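Shown next, in structure tokens, is the structure this report addresses.
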Amino acid sequence: MPIGLYILASVIKSAIVLFVLLTAVAYTVWLERKVVGHMQNRWGPTRVGPFGLLQPAADGLKFLFKEDLTPPHVYKPLFLAAPLIAVIFALTSIAVIPFGNDIVIGEYVIPLQITTDVNTGLLLILGVTSIGVYGVALAGWSSNNKYSLLGGLRASAQMVSYEISLGLSLVGVLIMSSSFSLRDIVHSQQ
């Protein structure tokens with residue numbers, strides 16, 4: 001496959017995956033707000049669109065036009081970089097996950113996976129997501145506030161402890177599939 005077509009296919013696959021994931025998260029939040037509203041004997045979001053279905057779009061617009069407040073005594077480069085680090089590494093881990101079979105367009109076979117199949121895909125996911133802990137710790141430290149620092153350290157300690165149990169839960173999957181490749185793991189389930 002020519003490099004230009006490969007890059008174009010990767011950009012299209014990335015856009016589709018990001019759109020689906022972000023839309024699914026937005027409507028999961030909407031559904032949670034509706035369920036909690038009914039549990040608390042109130043309507044939940046109903047103002048925007050039929051049954052409040054356009055509420056995630058209204059929330060997104062509100063988020064884009066909100067004023068960005070930066071506290072006066074923060075270390076600004078890391079204060080701005082910390083959320084970027086957390087989000088970039090969380091979204092980067094999605095690149096190696098296969099989300100469908102190969103599709104054939106003309107003479108080209110395009111795998112429905114943003115990157116090509118990586119033999120160590122599972123280790124890559126564990127490694128990339130564990131680097132996202134630094135974003136949380138840096139957010140607390142860069143705020144120049146002792147309570148934010150303690151909160152950031154506590155949150156990063158929780159993330160590390162959850163990653164340990166997650167890594168141990170993958171041992172059975174690795175034994176059954178005898179591969180770190182996510183595509184091989186999926187194929188071994190057939």
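By order of appearance in the structure tokens: chains A, B, ..., then residues from 1 within every chain, and ligands from 1 in the order shown.
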
Mind running region 79-158 of chain A against region 179-185 of chain A at 12 Å and telling me each contacting residue's nearest atom pair with the distance in Å (one decimal), counting only C-alpha atoms, chain and number ascending, as JSON lines?
{"residue": "A:Ser93", "atom": "CA", "partner": "A:Leu182", "partner_atom": "CA", "distance": 12.0}
{"residue": "A:Ile94", "atom": "CA", "partner": "A:Leu182", "partner_atom": "CA", "distance": 11.4}
{"residue": "A:Ala95", "atom": "CA", "partner": "A:Leu182", "partner_atom": "CA", "distance": 11.2}
{"residue": "A:Val96", "atom": "CA", "partner": "A:Leu182", "partner_atom": "CA", "distance": 7.6}
{"residue": "A:Ile97", "atom": "CA", "partner": "A:Leu182", "partner_atom": "CA", "distance": 6.6}
{"residue": "A:Pro98", "atom": "CA", "partner": "A:Arg183", "partner_atom": "CA", "distance": 6.3}
{"residue": "A:Phe99", "atom": "CA", "partner": "A:Arg183", "partner_atom": "CA", "distance": 9.5}
{"residue": "A:Gly100", "atom": "CA", "partner": "A:Arg183", "partner_atom": "CA", "distance": 9.7}
{"residue": "A:Asn101", "atom": "CA", "partner": "A:Arg183", "partner_atom": "CA", "distance": 9.5}
{"residue": "A:Asp102", "atom": "CA", "partner": "A:Arg183", "partner_atom": "CA", "distance": 10.9}
{"residue": "A:Pro111", "atom": "CA", "partner": "A:Arg183", "partner_atom": "CA", "distance": 10.1}
{"residue": "A:Leu112", "atom": "CA", "partner": "A:Arg183", "partner_atom": "CA", "distance": 10.4}
{"residue": "A:Gln113", "atom": "CA", "partner": "A:Arg183", "partner_atom": "CA", "distance": 9.2}
{"residue": "A:Thr115", "atom": "CA", "partner": "A:Arg183", "partner_atom": "CA", "distance": 11.5}
{"residue": "A:Thr116", "atom": "CA", "partner": "A:Arg183", "partner_atom": "CA", "distance": 10.0}
{"residue": "A:Asp117", "atom": "CA", "partner": "A:Arg183", "partner_atom": "CA", "distance": 6.9}
{"residue": "A:Val118", "atom": "CA", "partner": "A:Ser181", "partner_atom": "CA", "distance": 6.1}
{"residue": "A:Asn119", "atom": "CA", "partner": "A:Ser181", "partner_atom": "CA", "distance": 4.5}
{"residue": "A:Thr120", "atom": "CA", "partner": "A:Phe180", "partner_atom": "CA", "distance": 4.9}
{"residue": "A:Gly121", "atom": "CA", "partner": "A:Ser181", "partner_atom": "CA", "distance": 5.1}
{"residue": "A:Leu122", "atom": "CA", "partner": "A:Phe180", "partner_atom": "CA", "distance": 5.4}
{"residue": "A:Leu123", "atom": "CA", "partner": "A:Phe180", "partner_atom": "CA", "distance": 6.9}
{"residue": "A:Leu124", "atom": "CA", "partner": "A:Phe180", "partner_atom": "CA", "distance": 9.3}
{"residue": "A:Ile125", "atom": "CA", "partner": "A:Leu182", "partner_atom": "CA", "distance": 9.9}
{"residue": "A:Leu126", "atom": "CA", "partner": "A:Phe180", "partner_atom": "CA", "distance": 11.2}

DSSP-assigned helix (DSSP H, G or I) members of region 2-73 of chain A, reported as a PyMOL selection string
chain A and resi 3-39+50-52+55-65

Can you pull out the residues contacting region 22-39 of chain A? Cut-off 8 Å, using only C-alpha atoms, and skip same-chain residues under 6 positions away; I want them as number ranges by chain.
A: 45, 53, 55-56

Please provide as a PyMOL selection string all residues within 12 Å of region 130-139 of chain A, with the sequence filter that same-chain residues fewer than 2 positions apart are discarded (counting only C-alpha atoms).
chain A and resi 74-93+123-128+141-164+166-167

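Here CA of Val20 (chain A) and CA of Ala57 (chain A) stand 14.0 Å from one another.
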
Let's see if you can do this: from backbone DSSP, list all strand (DSSP E or B) residues in region 39-123 of chain A, as a ChimeraX atom specification.
/A:103-105,108-110

Between CA of Ala15 (chain A) and CA of Leu54 (chain A), what is the spacing in Å?
21.1 Å
